[in-house]
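Enquirer: So I've got this file, target_24.pdb, and it contains PDB, C-alpha atoms:
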```pdb
ATOM      1  CA  MET A 897      -6.240 -20.879   2.718  1.00  0.00           C
ATOM      2  CA  ARG A 898      -4.406 -22.868   5.354  1.00  0.00           C
ATOM      3  CA  PRO A 899      -3.754 -21.242   8.741  1.00  0.00           C
ATOM      4  CA  LEU A 900      -0.443 -19.579   9.389  1.00  0.00           C
ATOM      5  CA  PRO A 901       1.919 -22.112  11.006  1.00  0.00           C
ATOM      6  CA  PRO A 902       2.693 -21.260  14.646  1.00  0.00           C
ATOM      7  CA  GLU A 903       6.046 -19.702  15.504  1.00  0.00           C
ATOM      8  CA  ALA A 904       6.730 -21.138  18.935  1.00  0.00           C
ATOM      9  CA  ALA A 905       9.963 -19.235  19.509  1.00  0.00           C
ATOM     10  CA  LYS A 906       8.925 -15.854  18.143  1.00  0.00           C
ATOM     11  CA  SER A 907       6.156 -13.446  19.026  1.00  0.00           C
ATOM     12  CA  LEU A 908       4.181 -11.592  16.378  1.00  0.00           C
ATOM     13  CA  GLY A 909       6.116  -8.423  17.196  1.00  0.00           C
ATOM     14  CA  GLU A 910       9.451 -10.197  16.703  1.00  0.00           C
ATOM     15  CA  GLN A 911       8.365 -11.599  13.342  1.00  0.00           C
ATOM     16  CA  LEU A 912       7.220  -8.164  12.180  1.00  0.00           C
ATOM     17  CA  GLY A 913      10.445  -6.608  13.450  1.00  0.00           C
ATOM     18  CA  GLU A 914      12.494  -9.016  11.342  1.00  0.00           C
ATOM     19  CA  ALA A 915      10.339  -8.229   8.304  1.00  0.00           C
ATOM     20  CA  ILE A 916      10.804  -4.484   8.809  1.00  0.00           C
ATOM     21  CA  ALA A 917      14.572  -4.929   9.072  1.00  0.00           C
ATOM     22  CA  GLY A 918      14.475  -6.569   5.632  1.00  0.00           C
ATOM     23  CA  VAL A 919      12.818  -3.575   3.946  1.00  0.00           C
ATOM     24  CA  GLN A 920      15.339  -1.876   1.671  1.00  0.00           C
ATOM     25  CA  ASP A 921      15.991   1.889   1.615  1.00  0.00           C
ATOM     26  CA  GLY A 922      15.270   2.167  -2.097  1.00  0.00           C
ATOM     27  CA  SER A 923      12.041   1.501  -3.945  1.00  0.00           C
ATOM     28  CA  LEU A 924       9.720  -1.017  -2.262  1.00  0.00           C
ATOM     29  CA  GLU A 925       7.459  -3.135  -4.467  1.00  0.00           C
ATOM     30  CA  LEU A 926       4.396  -4.690  -2.865  1.00  0.00           C
ATOM     31  CA  GLY A 927       4.741  -7.882  -4.903  1.00  0.00           C
ATOM     32  CA  ARG A 928       8.214  -8.494  -3.515  1.00  0.00           C
ATOM     33  CA  LEU A 929       6.918  -8.001   0.016  1.00  0.00           C
ATOM     34  CA  MET A 930       4.053 -10.452  -0.558  1.00  0.00           C
ATOM     35  CA  ASP A 931       6.410 -13.029  -2.075  1.00  0.00           C
ATOM     36  CA  GLN A 932       8.576 -12.835   1.022  1.00  0.00           C
ATOM     37  CA  PHE A 933       5.748 -14.191   3.190  1.00  0.00           C
ATOM     38  CA  GLY A 934       3.914 -16.504   0.788  1.00  0.00           C
ATOM     39  CA  ASP A 935       0.249 -17.514   0.920  1.00  0.00           C
ATOM     40  CA  GLU A 936       0.431 -18.796   4.494  1.00  0.00           C
ATOM     41  CA  GLY A 937       1.868 -15.526   5.769  1.00  0.00           C
ATOM     42  CA  LEU A 938      -0.820 -13.228   4.370  1.00  0.00           C
ATOM     43  CA  LEU A 939      -2.183 -12.365   7.799  1.00  0.00           C
ATOM     44  CA  LEU A 940       1.309 -11.512   8.969  1.00  0.00           C
ATOM     45  CA  VAL A 941       1.916  -9.257   5.975  1.00  0.00           C
ATOM     46  CA  THR A 942      -1.516  -7.678   6.598  1.00  0.00           C
ATOM     47  CA  ALA A 943      -0.448  -6.817  10.144  1.00  0.00           C
ATOM     48  CA  LEU A 944       2.776  -5.416   8.706  1.00  0.00           C
ATOM     49  CA  MET A 945       1.008  -3.217   6.152  1.00  0.00           C
ATOM     50  CA  VAL A 946      -1.451  -1.638   8.597  1.00  0.00           C
ATOM     51  CA  LEU A 947       1.361  -0.447  10.881  1.00  0.00           C
ATOM     52  CA  VAL A 948       1.896   2.619   8.691  1.00  0.00           C
ATOM     53  CA  PHE A 949      -1.633   3.806   9.517  1.00  0.00           C
ATOM     54  CA  LEU A 950      -1.138   3.720  13.288  1.00  0.00           C
ATOM     55  CA  VAL A 951       1.162   6.742  13.312  1.00  0.00           C
ATOM     56  CA  PRO A 952       0.597  10.314  12.018  1.00  0.00           C
ATOM     57  CA  VAL A 953       2.742   9.831   8.910  1.00  0.00           C
ATOM     58  CA  SER A 954       1.382  10.623   5.453  1.00  0.00           C
ATOM     59  CA  ILE A 955       2.923   8.634   2.587  1.00  0.00           C
ATOM     60  CA  PRO A 956       1.109   9.367  -0.695  1.00  0.00           C
ATOM     61  CA  GLY A 957      -0.506   6.336  -2.301  1.00  0.00           C
ATOM     62  CA  VAL A 958       0.092   3.924   0.575  1.00  0.00           C
ATOM     63  CA  SER A 959      -3.560   3.597   1.647  1.00  0.00           C
ATOM     64  CA  THR A 960      -4.592   2.730  -1.910  1.00  0.00           C
ATOM     65  CA  VAL A 961      -1.793   0.202  -2.481  1.00  0.00           C
ATOM     66  CA  PHE A 962      -1.838  -1.478   0.938  1.00  0.00           C
ATOM     67  CA  GLY A 963      -5.618  -1.217   1.308  1.00  0.00           C
ATOM     68  CA  GLY A 964      -6.096  -2.802  -2.119  1.00  0.00           C
ATOM     69  CA  ALA A 965      -3.733  -5.642  -1.245  1.00  0.00           C
ATOM     70  CA  ILE A 966      -5.488  -6.258   2.089  1.00  0.00           C
ATOM     71  CA  LEU A 967      -8.830  -6.263   0.266  1.00  0.00           C
ATOM     72  CA  LEU A 968      -7.521  -9.013  -2.025  1.00  0.00           C
ATOM     73  CA  VAL A 969      -6.355 -10.956   1.053  1.00  0.00           C
ATOM     74  CA  GLY A 970      -9.910 -10.746   2.399  1.00  0.00           C
ATOM     75  CA  ILE A 971     -11.342 -11.920  -0.917  1.00  0.00           C
ATOM     76  CA  SER A 972      -8.828 -14.772  -0.893  1.00  0.00           C
ATOM     77  CA  ARG A 973      -9.984 -15.840   2.567  1.00  0.00           C
ATOM     78  CA  LEU A 974     -13.638 -15.690   1.507  1.00  0.00           C
ATOM     79  CA  SER A 975     -13.090 -17.649  -1.692  1.00  0.00           C
ATOM     80  CA  GLY A 976     -10.555 -20.115  -0.325  1.00  0.00           C
ATOM     81  CA  ARG A 977      -8.246 -19.399  -3.260  1.00  0.00           C
ATOM     82  CA  PRO A 978      -4.655 -18.075  -3.343  1.00  0.00           C
ATOM     83  CA  VAL A 979      -4.367 -14.304  -3.378  1.00  0.00           C
ATOM     84  CA  TRP A 980      -3.767 -12.642  -6.738  1.00  0.00           C
ATOM     85  CA  LEU A 981      -2.345  -9.166  -7.235  1.00  0.00           C
ATOM     86  CA  PRO A 982      -2.809  -7.162 -10.441  1.00  0.00           C
ATOM     87  CA  ARG A 983       0.509  -6.322 -12.078  1.00  0.00           C
ATOM     88  CA  ARG A 984      -0.069  -2.587 -11.639  1.00  0.00           C
ATOM     89  CA  LEU A 985      -0.548  -3.031  -7.877  1.00  0.00           C
ATOM     90  CA  ARG A 986       2.187  -5.640  -7.556  1.00  0.00           C
ATOM     91  CA  GLU A 987       4.869  -3.508  -9.196  1.00  0.00           C
ATOM     92  CA  ARG A 988       3.904  -0.076  -7.898  1.00  0.00           C
ATOM     93  CA  PRO A 989       6.986   1.427  -6.222  1.00  0.00           C
ATOM     94  CA  LEU A 990       6.854   2.956  -2.751  1.00  0.00           C
ATOM     95  CA  PRO A 991       9.594   4.867  -0.888  1.00  0.00           C
ATOM     96  CA  GLY A 992      11.227   2.077   1.108  1.00  0.00           C
ATOM     97  CA  ASP A 993      12.962   4.364   3.606  1.00  0.00           C
ATOM     98  CA  LYS A 994       9.740   6.205   4.514  1.00  0.00           C
ATOM     99  CA  VAL A 995       7.709   3.004   4.684  1.00  0.00           C
ATOM    100  CA  ARG A 996      10.293   1.356   6.934  1.00  0.00           C
ATOM    101  CA  ALA A 997      10.342   4.354   9.274  1.00  0.00           C
ATOM    102  CA  ALA A 998       6.544   4.280   9.540  1.00  0.00           C
ATOM    103  CA  LEU A 999       6.550   0.520  10.086  1.00  0.00           C
ATOM    104  CA  GLY A1000       9.106   0.850  12.858  1.00  0.00           C
ATOM    105  CA  ALA A1001       7.028   3.505  14.606  1.00  0.00           C
ATOM    106  CA  GLY A1002       3.849   1.446  14.250  1.00  0.00           C
ATOM    107  CA  LEU A1003       5.549  -1.654  15.647  1.00  0.00           C
ATOM    108  CA  LYS A1004       5.377  -0.081  19.118  1.00  0.00           C
ATOM    109  CA  TRP A1005       1.585  -0.461  18.929  1.00  0.00           C
ATOM    110  CA  VAL A1006       1.904  -4.150  18.105  1.00  0.00           C
ATOM    111  CA  HIS A1007       3.864  -4.718  21.307  1.00  0.00           C
ATOM    112  CA  ARG A1008       1.080  -2.972  23.229  1.00  0.00           C
ATOM    113  CA  PHE A1009      -1.644  -4.984  21.508  1.00  0.00           C
ATOM    114  CA  GLU A1010       0.238  -8.223  22.211  1.00  0.00           C
ATOM    115  CA  ARG A1011      -0.327  -7.603  25.912  1.00  0.00           C
ATOM    116  CA  ILE A1012      -4.075  -7.684  25.246  1.00  0.00           C
ATOM    117  CA  SER A1013      -4.139 -10.732  22.974  1.00  0.00           C
ATOM    118  CA  ARG A1014      -4.016 -14.313  24.267  1.00  0.00           C
ATOM    119  CA  PRO A1015      -3.921 -17.406  22.028  1.00  0.00           C
ATOM    120  CA  HIS A1016      -7.016 -19.654  21.847  1.00  0.00           C
ATOM    121  CA  ARG A1017      -9.429 -17.455  23.806  1.00  0.00           C
ATOM    122  CA  MET A1018     -12.986 -17.925  22.571  1.00  0.00           C
ATOM    123  CA  ARG A1019     -11.459 -19.666  19.559  1.00  0.00           C
ATOM    124  CA  TRP A1020     -14.887 -20.683  18.316  1.00  0.00           C
ATOM    125  CA  LEU A1021     -15.247 -17.086  17.077  1.00  0.00           C
ATOM    126  CA  VAL A1022     -12.361 -17.802  14.727  1.00  0.00           C
ATOM    127  CA  GLU A1023     -12.862 -21.462  13.830  1.00  0.00           C
ATOM    128  CA  ARG A1024     -16.606 -22.167  13.599  1.00  0.00           C
ATOM    129  CA  PRO A1025     -17.722 -21.787   9.957  1.00  0.00           C
ATOM    130  CA  GLY A1026     -20.423 -19.171  10.547  1.00  0.00           C
ATOM    131  CA  TRP A1027     -18.270 -17.006  12.787  1.00  0.00           C
ATOM    132  CA  ARG A1028     -15.237 -17.426  10.528  1.00  0.00           C
ATOM    133  CA  LEU A1029     -17.310 -16.190   7.578  1.00  0.00           C
ATOM    134  CA  THR A1030     -18.470 -13.223   9.671  1.00  0.00           C
ATOM    135  CA  GLY A1031     -14.873 -12.402  10.564  1.00  0.00           C
ATOM    136  CA  ASP A1032     -13.681 -12.669   6.969  1.00  0.00           C
ATOM    137  CA  LEU A1033     -16.522 -10.425   5.757  1.00  0.00           C
ATOM    138  CA  ALA A1034     -15.703  -7.860   8.463  1.00  0.00           C
ATOM    139  CA  PHE A1035     -11.999  -8.057   7.558  1.00  0.00           C
ATOM    140  CA  THR A1036     -12.816  -7.384   3.892  1.00  0.00           C
ATOM    141  CA  ASN A1037     -15.124  -4.494   4.767  1.00  0.00           C
ATOM    142  CA  ALA A1038     -12.431  -2.928   6.976  1.00  0.00           C
ATOM    143  CA  ALA A1039     -10.051  -3.041   3.995  1.00  0.00           C
ATOM    144  CA  LEU A1040     -12.637  -1.153   1.927  1.00  0.00           C
ATOM    145  CA  LEU A1041     -12.932   1.464   4.680  1.00  0.00           C
ATOM    146  CA  LEU A1042      -9.147   1.799   4.728  1.00  0.00           C
ATOM    147  CA  MET A1043      -9.193   2.564   0.994  1.00  0.00           C
ATOM    148  CA  ALA A1044     -11.694   5.422   1.402  1.00  0.00           C
ATOM    149  CA  PRO A1045     -10.139   8.608  -0.072  1.00  0.00           C
ATOM    150  CA  LEU A1046     -10.071  10.415   3.267  1.00  0.00           C
ATOM    151  CA  GLY A1047      -6.380  10.237   4.103  1.00  0.00           C
ATOM    152  CA  PHE A1048      -6.323  13.983   4.826  1.00  0.00           C
ATOM    153  CA  VAL A1049      -8.950  13.519   7.596  1.00  0.00           C
ATOM    154  CA  PRO A1050      -7.484  12.650  11.037  1.00  0.00           C
ATOM    155  CA  PHE A1051      -8.033   9.017  12.135  1.00  0.00           C
ATOM    156  CA  SER A1052      -9.766   8.038   8.858  1.00  0.00           C
ATOM    157  CA  ASN A1053      -6.999   5.501   8.188  1.00  0.00           C
ATOM    158  CA  THR A1054      -6.072   4.831  11.800  1.00  0.00           C
ATOM    159  CA  LEU A1055      -9.429   3.393  12.925  1.00  0.00           C
ATOM    160  CA  PRO A1056      -9.795   0.799  10.138  1.00  0.00           C
ATOM    161  CA  GLY A1057      -6.087   0.073  10.520  1.00  0.00           C
ATOM    162  CA  ILE A1058      -6.609  -0.793  14.192  1.00  0.00           C
ATOM    163  CA  ALA A1059      -9.558  -3.022  13.243  1.00  0.00           C
ATOM    164  CA  LEU A1060      -7.470  -4.867  10.636  1.00  0.00           C
ATOM    165  CA  LEU A1061      -4.554  -5.303  13.018  1.00  0.00           C
ATOM    166  CA  PHE A1062      -6.789  -6.875  15.680  1.00  0.00           C
ATOM    167  CA  TYR A1063      -8.417  -9.098  13.054  1.00  0.00           C
ATOM    168  CA  ALA A1064      -5.004 -10.273  11.852  1.00  0.00           C
ATOM    169  CA  ILE A1065      -3.769 -10.897  15.399  1.00  0.00           C
ATOM    170  CA  GLY A1066      -7.004 -12.693  16.289  1.00  0.00           C
ATOM    171  CA  PHE A1067      -6.907 -14.924  13.206  1.00  0.00           C
ATOM    172  CA  ILE A1068      -3.222 -15.757  13.680  1.00  0.00           C
ATOM    173  CA  GLN A1069      -3.516 -16.582  17.396  1.00  0.00           C
ATOM    174  CA  ARG A1070      -7.071 -18.004  17.264  1.00  0.00           C
ATOM    175  CA  ASP A1071      -8.038 -15.273  19.730  1.00  0.00           C
ATOM    176  CA  GLY A1072     -11.748 -14.513  19.504  1.00  0.00           C
ATOM    177  CA  VAL A1073     -11.422 -11.600  21.930  1.00  0.00           C
ATOM    178  CA  SER A1074      -9.033  -9.803  19.555  1.00  0.00           C
ATOM    179  CA  VAL A1075     -11.515 -10.393  16.725  1.00  0.00           C
ATOM    180  CA  LEU A1076     -14.263  -8.847  18.863  1.00  0.00           C
ATOM    181  CA  ILE A1077     -12.055  -5.813  19.498  1.00  0.00           C
ATOM    182  CA  GLY A1078     -11.599  -5.586  15.741  1.00  0.00           C
ATOM    183  CA  HIS A1079     -15.389  -5.545  15.348  1.00  0.00           C
ATOM    184  CA  VAL A1080     -15.655  -2.717  17.888  1.00  0.00           C
ATOM    185  CA  ALA A1081     -12.964  -0.715  16.067  1.00  0.00           C
ATOM    186  CA  GLN A1082     -14.792  -1.219  12.776  1.00  0.00           C
ATOM    187  CA  VAL A1083     -18.125  -0.057  14.246  1.00  0.00           C
ATOM    188  CA  ALA A1084     -16.280   3.015  15.567  1.00  0.00           C
ATOM    189  CA  THR A1085     -14.885   3.589  12.065  1.00  0.00           C
ATOM    190  CA  ILE A1086     -18.337   3.435  10.464  1.00  0.00           C
ATOM    191  CA  ALA A1087     -19.781   5.760  13.122  1.00  0.00           C
ATOM    192  CA  TYR A1088     -16.918   8.210  12.548  1.00  0.00           C
ATOM    193  CA  PHE A1089     -17.455   8.181   8.791  1.00  0.00           C
ATOM    194  CA  ILE A1090     -21.180   8.799   9.283  1.00  0.00           C
ATOM    195  CA  LEU A1091     -20.380  11.786  11.504  1.00  0.00           C
ATOM    196  CA  LEU A1092     -17.990  13.120   8.867  1.00  0.00           C
ATOM    197  CA  ALA A1093     -20.649  12.756   6.182  1.00  0.00           C
ATOM    198  CA  ALA A1094     -23.276  14.428   8.368  1.00  0.00           C
ATOM    199  CA  GLY A1095     -20.927  17.256   9.270  1.00  0.00           C
ATOM    200  CA  GLY A1096     -19.951  17.743   5.627  1.00  0.00           C
ATOM    201  CA  GLY A1097     -23.611  17.831   4.579  1.00  0.00           C
ATOM    202  CA  ALA A1098     -24.470  20.380   7.270  1.00  0.00           C
ATOM    203  CA  ALA A1099     -21.516  22.557   6.260  1.00  0.00           C
ATOM    204  CA  PHE A1100     -22.536  22.396   2.595  1.00  0.00           C
ATOM    205  CA  LYS A1101     -26.105  23.453   3.420  1.00  0.00           C
ATOM    206  CA  ALA A1102     -24.804  26.309   5.576  1.00  0.00           C
ATOM    207  CA  VAL A1103     -22.620  27.554   2.736  1.00  0.00           C
ATOM    208  CA  GLN A1104     -25.565  27.279   0.322  1.00  0.00           C
ATOM    209  CA  GLY A1105     -27.746  29.316   2.705  1.00  0.00           C
ATOM    210  CA  TRP A1106     -25.048  31.932   3.126  1.00  0.00           C
ATOM    211  CA  LEU A1107     -24.524  32.255  -0.646  1.00  0.00           C
ATOM    212  CA  GLY A1108     -28.288  32.276  -1.268  1.00  0.00           C
TER     213      GLY A1108
END
```
Give the structure from this file in structure tokens form.

Expert:
Amino acid sequence: MRPLPPEAAKSLGEQLGEAIAGVQDGSLELGRLMDQFGDEGLLLVTALMVLVFLVPVSIPGVSTVFGGAILLVGISRLSGRPVWLPRRLRERPLPGDKVRAALGAGLKWVHRFERISRPHRMRWLVERPGWRLTGDLAFTNAALLLMAPLGFVPFSNTLPGIALLFYAIGFIQRDGVSVLIGHVAQVATIAYFILLAAGGGAAFKAVQGWLG
């Protein structure tokens, strides 16, 4: 997949803001959103989709739909082939008004993250084949973590969402430091999930002991 062409006059936040303004109030179909950006804008649409996970807003089905689409973007980057969406995922309707409200709230975080990111820092972490493969694998794994059925658990979607946003920003701007921050956020996500699993196991054993 070719890199996203640079937008000299517009920041990432401005591009996302324009995309959010174009989201209709009625039913939102993921396929229509993907078509709006095309193959070269997949990283931009990834950044757009993860915004809904940066705010405490629960929209049923969003993590599965958006996480699945981001996973396919990662697979596309790994394989070097255009992204393909199954019809069921492509045409699944989402409440456009709620999604747009969540996107608008999440956009505030993009403006904050833009202050951290700088184009072409440590760009070898983005462009050298071995490091690019590592980044694409980490990006794909973060999408899998985002799809974990733990939406009712605080921060279970937020942490992988932050990782994916920094990956997208880093890949777009060739900013290796942003990619590294994405790696840190993903490690934090895995550690958090391990703690949840350990806590759940301990609670289950305690209940078993109490019942026994």

Enquirer: I'd like the interatomic distance between CA of Glu1010 in chain A and CA of Arg928 in chain A, to a tenth of an Å.

Expert: 26.9 Å

Enquirer: Report the residues retrieved by the PyMOL selection byres ((chain A and resi 965-967) around 12) from the displayed file, expressed as a PyMOL selection string.

Expert: chain A and resi 925-927+929-930+938-946+958-964+968-974+979-988+1032-1043+1056-1057+1060-1061+1063-1064

Enquirer: Need the shell around Trp1005 in chain A: protein/DNA/RNA residues with any atom at most 12 Å away, counting all atoms listed in the file. Skip same-chain ones fewer than 3 positions apart. Format as a list of chain:residue names?

Expert: A:Leu908, A:Gly909, A:Leu912, A:Ala943, A:Leu944, A:Val946, A:Leu947, A:Val948, A:Phe949, A:Leu950, A:Val951, A:Ala998, A:Leu999, A:Gly1000, A:Ala1001, A:Gly1002, A:Arg1008, A:Phe1009, A:Glu1010, A:Arg1011, A:Ile1012, A:Thr1054, A:Gly1057, A:Ile1058, A:Leu1061, A:Phe1062

Enquirer: Interatomic distance between CA of Gly1026 in chain A and CA of Ser1074 in chain A?

Expert: 17.3 Å

Enquirer: Counting all atoms listed in the file, which residue out of A:Ser907, A:Val1049, A:Val1080, A:Leu1003 sits closest to Pro1015 in chain A?

Expert: A:Ser907

Enquirer: Find, counting all atoms listed in the file, the residue in A:Gly937, A:Gly1078, A:Gly1096, A:Gly1066 that gets nearest to His1016 in chain A.

Expert: A:Gly1066

Enquirer: What gap, in Å, lies between CA of Leu990 in chain A and CA of Thr1085 in chain A?

Expert: 26.3 Å

Enquirer: Could you work out an axis-aligned bounding box for all listed atoms of range 1062-1078 of chain A, with 6 Å added on each of the six sides, and give its centre and edge lengths in Å to one decimal, as AutoDock Vina command-line options?

Expert:
```
--center_x -8.7 --center_y -11.8 --center_z 16.9 --size_x 23.0 --size_y 24.4 --size_z 22.1
```

Enquirer: I'd like to see the residues matched by the PyMOL selection byres ((chain A and resi 1020) around 12) on this file, and ideally I'd get them as a PDB file with C-alpha atoms, in the coordinates of the input.

Expert:
```pdb
ATOM      1  CA  HIS A1016      -7.016 -19.654  21.847  1.00  0.00           C
ATOM      2  CA  ARG A1017      -9.429 -17.455  23.806  1.00  0.00           C
ATOM      3  CA  MET A1018     -12.986 -17.925  22.571  1.00  0.00           C
ATOM      4  CA  ARG A1019     -11.459 -19.666  19.559  1.00  0.00           C
ATOM      5  CA  LEU A1021     -15.247 -17.086  17.077  1.00  0.00           C
ATOM      6  CA  VAL A1022     -12.361 -17.802  14.727  1.00  0.00           C
ATOM      7  CA  GLU A1023     -12.862 -21.462  13.830  1.00  0.00           C
ATOM      8  CA  ARG A1024     -16.606 -22.167  13.599  1.00  0.00           C
ATOM      9  CA  PRO A1025     -17.722 -21.787   9.957  1.00  0.00           C
ATOM     10  CA  GLY A1026     -20.423 -19.171  10.547  1.00  0.00           C
ATOM     11  CA  TRP A1027     -18.270 -17.006  12.787  1.00  0.00           C
ATOM     12  CA  ARG A1028     -15.237 -17.426  10.528  1.00  0.00           C
ATOM     13  CA  LEU A1029     -17.310 -16.190   7.578  1.00  0.00           C
ATOM     14  CA  THR A1030     -18.470 -13.223   9.671  1.00  0.00           C
ATOM     15  CA  GLY A1031     -14.873 -12.402  10.564  1.00  0.00           C
ATOM     16  CA  GLY A1066      -7.004 -12.693  16.289  1.00  0.00           C
ATOM     17  CA  PHE A1067      -6.907 -14.924  13.206  1.00  0.00           C
ATOM     18  CA  ARG A1070      -7.071 -18.004  17.264  1.00  0.00           C
ATOM     19  CA  ASP A1071      -8.038 -15.273  19.730  1.00  0.00           C
ATOM     20  CA  GLY A1072     -11.748 -14.513  19.504  1.00  0.00           C
ATOM     21  CA  VAL A1073     -11.422 -11.600  21.930  1.00  0.00           C
ATOM     22  CA  VAL A1075     -11.515 -10.393  16.725  1.00  0.00           C
ATOM     23  CA  LEU A1076     -14.263  -8.847  18.863  1.00  0.00           C
TER      24      LEU A1076
END
```

Enquirer: Tell me which of A:Pro989, A:Ala1087, A:Gly913, A:Ala1044 sits closest to Lys1004 in chain A, counting only C-alpha atoms.

Expert: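 Smallest separation from Lys1004 in chain A among the options: A:Gly913.
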
Enquirer: Nearest to Ala1081 in chain A among A:Ile1068, A:Lys994, A:Gly1095, A:Leu1055, with distances taken over all atoms listed in the file: which residue is it?

Expert: A:Leu1055
